[in-house]
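What follows is one structure encoded as structure tokens, with my remarks underneath.
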2 protein chains.
Amino acid sequence: MKRRNFLQKAMLPMAGVAIPASLQFGKLDFSDLPGGLKILFQGDSITDAGRDRGRYYANNTQGLGNGYVYQIVAELLGQHPTSDLQCFNRGISGHKVYQLADRWDIDCVGLAPDVLSILIGVNDFWHMINGRYDGTAEIYENDYRKLLKETREALPGIKLIICEPFAVKGGTAIDEKWSSFDEYRAIAGKLAKEFGASFVPFQEVFDKALEAAPASYWCPDGVHPSIAGAYLMKKAWLEAFHKLMMG
Amino acid sequence: MKRRNFLQKAMLPMAGVAIPASLQFGKLDFSDLPGGLKILFQGDSITDAGRDRGRYYANNTQGLGNGYVYQIVAELLGQHPTSDLQCFNRGISGHKVYQLADRWDIDCVGLAPDVLSILIGVNDFWHMINGRYDGTAEIYENDYRKLLKETREALPGIKLIICEPFAVKGGTAIDEKWSSFDEYRAIAGKLAKEFGASFVPFQEVFDKALEAAPASYWCPDGVHPSIAGAYLMKKAWLEAFHKLMMG
């Protein structure tokens, strides 16, 4: 069977359809990564991603969920079998900053991670506009700063990755009210600078991805990424992690 | 905070520990991949990987499970947003060849995939040695050949990927009885040649990976891969897929 025969059936040949530059990431070299690192992923449903919360040990497949955390850990562990990496997912669906604070002793300080990655903020905004929470951007900023400050005090050597909360234009849950979500994104960026954290610009990643395919492909409701959207997040996160560790 | 300060805590520095050549894979160029491909993954628990069987539509995150299929689909969809790929997982835990045959009309022919990937055989052997099945290598070969023949007749244009069943040395379920599993692996290889399928040499992939880390890291019981083992499978599968489509 010749390939060209087979292609009779194929629609939309990809030839000439290059991957948009915005979706290309350089090949990262982690060969100098220190061994024995403990990495903690914290956040809300985007991080949680259906993980089995009873499987809370390091590197447990079901305990990692099926979102960007799973994809990051798969690549790190697959590529670095001698690095003794320990990765934990402690995202919980629906959480806002104050709910992270409520469980921080066990779910962060007690784990004593070397690297802490946080993606939080979309519910601080979303639950406010839908009337389930009376927070404001100021409360988000103050709560978040307090959490980071206490984290640094408890774990002075910790390295931080602050992920930008995002809202993907065209997602079914995103309407005109979301224009004020920009303020929350800006706060996350500001705190990243204040705390010397590596910042992952997820909003830009998704904005650029929309050049190639619509929100329905990357993040149907605008908040929860598809498997393809989680792939973009993995790539961007690994770049930020690389910069943090090797840069 | 300087990186070297941070590294005080880090054990086992990775510096100088290169990724074994056996774990390195070339960068694959799929830019000429035909659009609109439908890819079906068939097999047993390794393919199933805890998928939500009620979410059987194409590219559904939960419906893909959290094994090698998820990782393959994440990379294909993440890298090829304009390709209109449709990927399905129909692996079912515990299945042997005859059980694929029992559900083939709906779970293969009815889906009419352009590309069919099959990983089957470990239960045909395992359930025999533990007394739950009275099959033999000959039955495996005959059943498998019949299934492939009928598939080709029903879907003449189909492209086939036959994955080698594997048993990872040092896995907790693997004992001396498994030496005769080699015969099953050889049958899968033989059928791949007979049907002009692309063959994925998973046994060799895992054998080489053991140079870098033990079975407990890649595939604890010797049959079901860890997230890192599933990563190796993804890489090897994508190479076979690339050869099949672009080679």
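By order in the structure tokens, chains are A, B, ...; within a chain, residues start at 1; ligands start at 1, following the order shown.
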
Got a sec: who's within 7 Å of stretch 58-70 of chain A, counting only C-alpha atoms, leaving out chain neighbours fewer than 3 positions off, as a list in words?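 So the residues in contact are Ile46, Thr47, Asp48, Ala49, Gly50, Arg51, Asp52, Arg53, Arg55, Val73, Ala74, Gln86, Cys87, Phe88, Asn89, Ile227, Ala230, Tyr231, Met233 and Lys234 of chain A; Asn66, Ser226 and Ile227 of chain B.
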
Just the number, please: distance in Å from atom CA of A:Ile161 to atom CA of A:Leu116, one decimal. 6.1 Å

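Comparing B:Ala228, B:Ala240, B:Ile106, B:Met246 by their smallest distance to A:Leu76, the closest is B:Ala228 (using only C-alpha atoms).
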
If DSSP is run on the backbone, what residues of stretch 38-169 of chain B are strand (DSSP E or B)? A reply as a list in words would be ideal.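 The strand (DSSP E or B) subset of stretch 38-169 of chain B is Lys38, Ile39, Leu40, Phe41, Gln42, Gly43, Gln86, Cys87, Phe88, Asn89, Val115, Leu116, Ser117, Ile118, Leu119, Lys159, Leu160, Ile161, Ile162 and Cys163 of chain B.
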
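Closest approach to chain A from the set B:Ala112, B:Leu147, B:Ile120, B:Val97 is made by B:Ala112, with distances taken over only C-alpha atoms.
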
Using Å and a single decimal, report how far atom CA of B:Val122 sits from atom CA of B:Leu148.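 Straight-line distance from atom CA of B:Leu148 to atom CA of B:Val122 works out to 17.6 Å.
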
Would you please give, as a ChimeraX atom specification, all residues of stretch 29-243 of chain A that DSSP assigns to helix (DSSP H, G or I) based on the backbone? /A:45-48,62-64,68-79,97-102,104-107,109-111,122-129,137-154,176-194,202-209,215-218,227-243

Using only C-alpha atoms, find the one residue out of B:Ala188, B:Lys177, B:Leu210, B:Tyr56 that sits nearest to B:Asn142. B:Ala188

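You will find atom CA of A:Lys159 at 18.1 Å from atom CA of A:Gly91.
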
Would you mind listing what lies within 12 Å of A:Leu119 as an mmCIF file with N, CA and C atoms, in the first residue's frame, with only C-alpha atoms counted and same-chain residues fewer than 2 positions away left out?
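Generated file (selection_34.cif):
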data_model
loop_
_atom_site.group_PDB
_atom_site.id
_atom_site.type_symbol
_atom_site.label_atom_id
_atom_site.label_comp_id
_atom_site.auth_asym_id
_atom_site.auth_seq_id
_atom_site.Cartn_x
_atom_site.Cartn_y
_atom_site.Cartn_z
ATOM 1 N N LEU A 40 6.552 20.744 44.284
ATOM 2 C CA LEU A 40 5.146 20.748 44.698
ATOM 3 C C LEU A 40 4.327 21.635 43.760
ATOM 4 N N PHE A 41 3.235 21.088 43.259
ATOM 5 C CA PHE A 41 2.303 21.849 42.427
ATOM 6 C C PHE A 41 1.065 22.176 43.249
ATOM 7 N N GLN A 42 0.770 23.449 43.368
ATOM 8 C CA GLN A 42 -0.380 23.902 44.138
ATOM 9 C C GLN A 42 -1.334 24.702 43.272
ATOM 10 N N GLY A 43 -2.609 24.623 43.608
ATOM 11 C CA GLY A 43 -3.574 25.408 42.843
ATOM 12 C C GLY A 43 -4.990 24.924 43.012
ATOM 13 N N ASP A 44 -5.783 25.160 41.960
ATOM 14 C CA ASP A 44 -7.210 24.840 41.967
ATOM 15 C C ASP A 44 -7.492 23.676 41.012
ATOM 16 N N SER A 45 -8.679 23.687 40.391
ATOM 17 C CA SER A 45 -9.068 22.550 39.547
ATOM 18 C C SER A 45 -8.145 22.333 38.357
ATOM 19 N N ILE A 46 -7.535 23.397 37.861
ATOM 20 C CA ILE A 46 -6.663 23.247 36.687
ATOM 21 C C ILE A 46 -5.459 22.397 37.065
ATOM 22 N N THR A 47 -4.991 22.561 38.288
ATOM 23 C CA THR A 47 -3.867 21.768 38.794
ATOM 24 C C THR A 47 -4.366 20.394 39.245
ATOM 25 N N ASP A 48 -5.436 20.379 39.999
ATOM 26 C CA ASP A 48 -6.059 19.150 40.509
ATOM 27 C C ASP A 48 -6.293 18.156 39.372
ATOM 28 N N TYR A 68 -1.889 19.523 33.284
ATOM 29 C CA TYR A 68 -0.515 19.952 32.979
ATOM 30 C C TYR A 68 0.499 19.345 33.935
ATOM 31 N N VAL A 69 0.098 19.077 35.188
ATOM 32 C CA VAL A 69 1.049 18.499 36.150
ATOM 33 C C VAL A 69 1.495 17.110 35.688
ATOM 34 N N ASN A 89 1.275 16.650 43.518
ATOM 35 C CA ASN A 89 0.173 17.527 43.134
ATOM 36 C C ASN A 89 -0.728 17.712 44.354
ATOM 37 N N ARG A 90 -0.962 18.960 44.728
ATOM 38 C CA ARG A 90 -1.879 19.250 45.829
ATOM 39 C C ARG A 90 -2.909 20.307 45.428
ATOM 40 N N GLY A 91 -3.205 20.390 44.131
ATOM 41 C CA GLY A 91 -4.267 21.274 43.684
ATOM 42 C C GLY A 91 -5.612 20.743 44.163
ATOM 43 N N ILE A 92 -6.508 21.648 44.534
ATOM 44 C CA ILE A 92 -7.877 21.233 44.889
ATOM 45 C C ILE A 92 -8.886 22.128 44.167
ATOM 46 N N SER A 93 -9.774 21.450 43.473
ATOM 47 C CA SER A 93 -10.799 22.090 42.668
ATOM 48 C C SER A 93 -11.568 23.158 43.453
ATOM 49 N N HIS A 95 -10.558 25.973 44.672
ATOM 50 C CA HIS A 95 -9.857 26.758 45.696
ATOM 51 C C HIS A 95 -9.435 28.151 45.243
ATOM 52 N N LYS A 96 -9.483 29.034 46.252
ATOM 53 C CA LYS A 96 -9.007 30.415 46.155
ATOM 54 C C LYS A 96 -7.804 30.538 47.101
ATOM 55 N N VAL A 97 -7.163 31.706 47.114
ATOM 56 C CA VAL A 97 -5.935 31.834 47.912
ATOM 57 C C VAL A 97 -6.181 31.499 49.383
ATOM 58 N N LEU A 100 -5.995 27.882 50.076
ATOM 59 C CA LEU A 100 -4.624 27.345 50.118
ATOM 60 C C LEU A 100 -4.044 27.608 51.503
ATOM 61 N N LEU A 116 8.305 25.276 44.578
ATOM 62 C CA LEU A 116 6.849 25.375 44.721
ATOM 63 C C LEU A 116 6.291 26.095 43.509
ATOM 64 N N SER A 117 5.360 25.443 42.837
ATOM 65 C CA SER A 117 4.681 26.063 41.699
ATOM 66 C C SER A 117 3.225 26.323 42.093
ATOM 67 N N GLY A 121 -6.067 31.877 41.411
ATOM 68 C CA GLY A 121 -6.641 33.196 41.149
ATOM 69 C C GLY A 121 -7.921 33.178 40.347
ATOM 70 N N VAL A 122 -8.106 32.156 39.513
ATOM 71 C CA VAL A 122 -9.278 32.222 38.651
ATOM 72 C C VAL A 122 -10.567 32.131 39.479
ATOM 73 N N ASN A 123 -10.566 31.326 40.555
ATOM 74 C CA ASN A 123 -11.777 31.237 41.385
ATOM 75 C C ASN A 123 -11.957 32.468 42.269
ATOM 76 N N ASP A 124 -10.850 33.099 42.662
ATOM 77 C CA ASP A 124 -10.951 34.345 43.436
ATOM 78 C C ASP A 124 -11.762 35.368 42.649
ATOM 79 N N TYR A 144 -2.520 36.600 48.891
ATOM 80 C CA TYR A 144 -1.471 35.907 48.134
ATOM 81 C C TYR A 144 -0.090 36.319 48.655
ATOM 82 N N LEU A 160 10.507 29.567 43.853
ATOM 83 C CA LEU A 160 9.089 29.756 43.523
ATOM 84 C C LEU A 160 8.824 29.886 42.027
ATOM 85 N N ILE A 161 7.772 29.231 41.597
ATOM 86 C CA ILE A 161 7.244 29.440 40.247
ATOM 87 C C ILE A 161 5.810 29.929 40.416
ATOM 88 N N ILE A 162 5.557 31.154 39.955
ATOM 89 C CA ILE A 162 4.194 31.684 40.020
ATOM 90 C C ILE A 162 3.596 31.648 38.622
ATOM 91 N N CYS A 163 2.505 30.901 38.497
ATOM 92 C CA CYS A 163 1.852 30.746 37.201
ATOM 93 C C CYS A 163 0.763 31.799 37.060
ATOM 94 N N GLU A 164 0.719 32.402 35.905
ATOM 95 C CA GLU A 164 -0.312 33.419 35.651
ATOM 96 C C GLU A 164 -1.685 32.766 35.516
ATOM 97 N N PRO A 165 -2.662 33.214 36.308
ATOM 98 C CA PRO A 165 -4.023 32.746 36.031
ATOM 99 C C PRO A 165 -4.464 33.291 34.671
ATOM 100 N N PHE A 166 -5.330 32.572 33.991
ATOM 101 C CA PHE A 166 -5.671 32.953 32.612
ATOM 102 C C PHE A 166 -7.148 32.718 32.338
ATOM 103 N N TYR A 184 -6.249 40.694 38.175
ATOM 104 C CA TYR A 184 -5.764 39.539 38.931
ATOM 105 C C TYR A 184 -4.479 38.984 38.297
ATOM 106 N N ARG A 185 -4.475 38.946 36.968
ATOM 107 C CA ARG A 185 -3.274 38.474 36.268
ATOM 108 C C ARG A 185 -2.084 39.386 36.584
ATOM 109 N N ALA A 188 -0.610 38.683 40.008
ATOM 110 C CA ALA A 188 0.259 37.495 40.026
ATOM 111 C C ALA A 188 1.646 37.845 39.473
ATOM 112 N N GLY A 189 1.670 38.636 38.415
ATOM 113 C CA GLY A 189 2.952 39.049 37.835
ATOM 114 C C GLY A 189 3.752 39.932 38.781
ATOM 115 N N ALA A 192 5.190 37.857 41.563
ATOM 116 C CA ALA A 192 6.333 37.064 41.067
ATOM 117 C C ALA A 192 7.602 37.898 41.150
ATOM 118 N N PHE A 199 8.061 33.396 36.527
ATOM 119 C CA PHE A 199 6.658 33.644 36.166
ATOM 120 C C PHE A 199 6.334 32.879 34.888
ATOM 121 N N VAL A 200 5.195 32.208 34.869
ATOM 122 C CA VAL A 200 4.784 31.487 33.652
ATOM 123 C C VAL A 200 3.624 32.246 33.004
ATOM 124 N N PRO A 201 3.869 32.843 31.869
ATOM 125 C CA PRO A 201 2.865 33.741 31.242
ATOM 126 C C PRO A 201 1.807 32.976 30.460
ATOM 127 N N PHE A 202 0.947 32.290 31.189
ATOM 128 C CA PHE A 202 -0.036 31.423 30.529
ATOM 129 C C PHE A 202 -1.010 32.191 29.634
ATOM 130 N N MET A 233 0.710 24.289 28.375
ATOM 131 C CA MET A 233 1.088 24.706 29.730
ATOM 132 C C MET A 233 2.354 23.981 30.177
ATOM 133 N N TRP A 237 5.643 25.899 31.255
ATOM 134 C CA TRP A 237 6.108 25.675 32.632
ATOM 135 C C TRP A 237 7.545 25.175 32.633
#

Skip A:Ser216 itself and residues of its chain fewer than 3 positions away, then list as a ChimeraX atom specification all residues within 8 Å of it, counting only C-alpha atoms. /A:170-171,213,219-221

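Proximity of B:Cys108, B:Ala186, B:Leu238, B:Leu232 to B:Tyr140, computed with only C-alpha atoms, is greatest for B:Ala186.
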
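Using only C-alpha atoms, the shortest contact distance between B:Thr151 and any of B:Asp114, B:Ile187, B:Leu33, B:Ala173 is found at B:Asp114.
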
Residue nearest chain A - candidates B:Asp182, B:Asp175, B:Glu211, B:Asp134, atoms counted: only C-alpha atoms: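 For chain A, the nearest of the candidates is B:Glu211.
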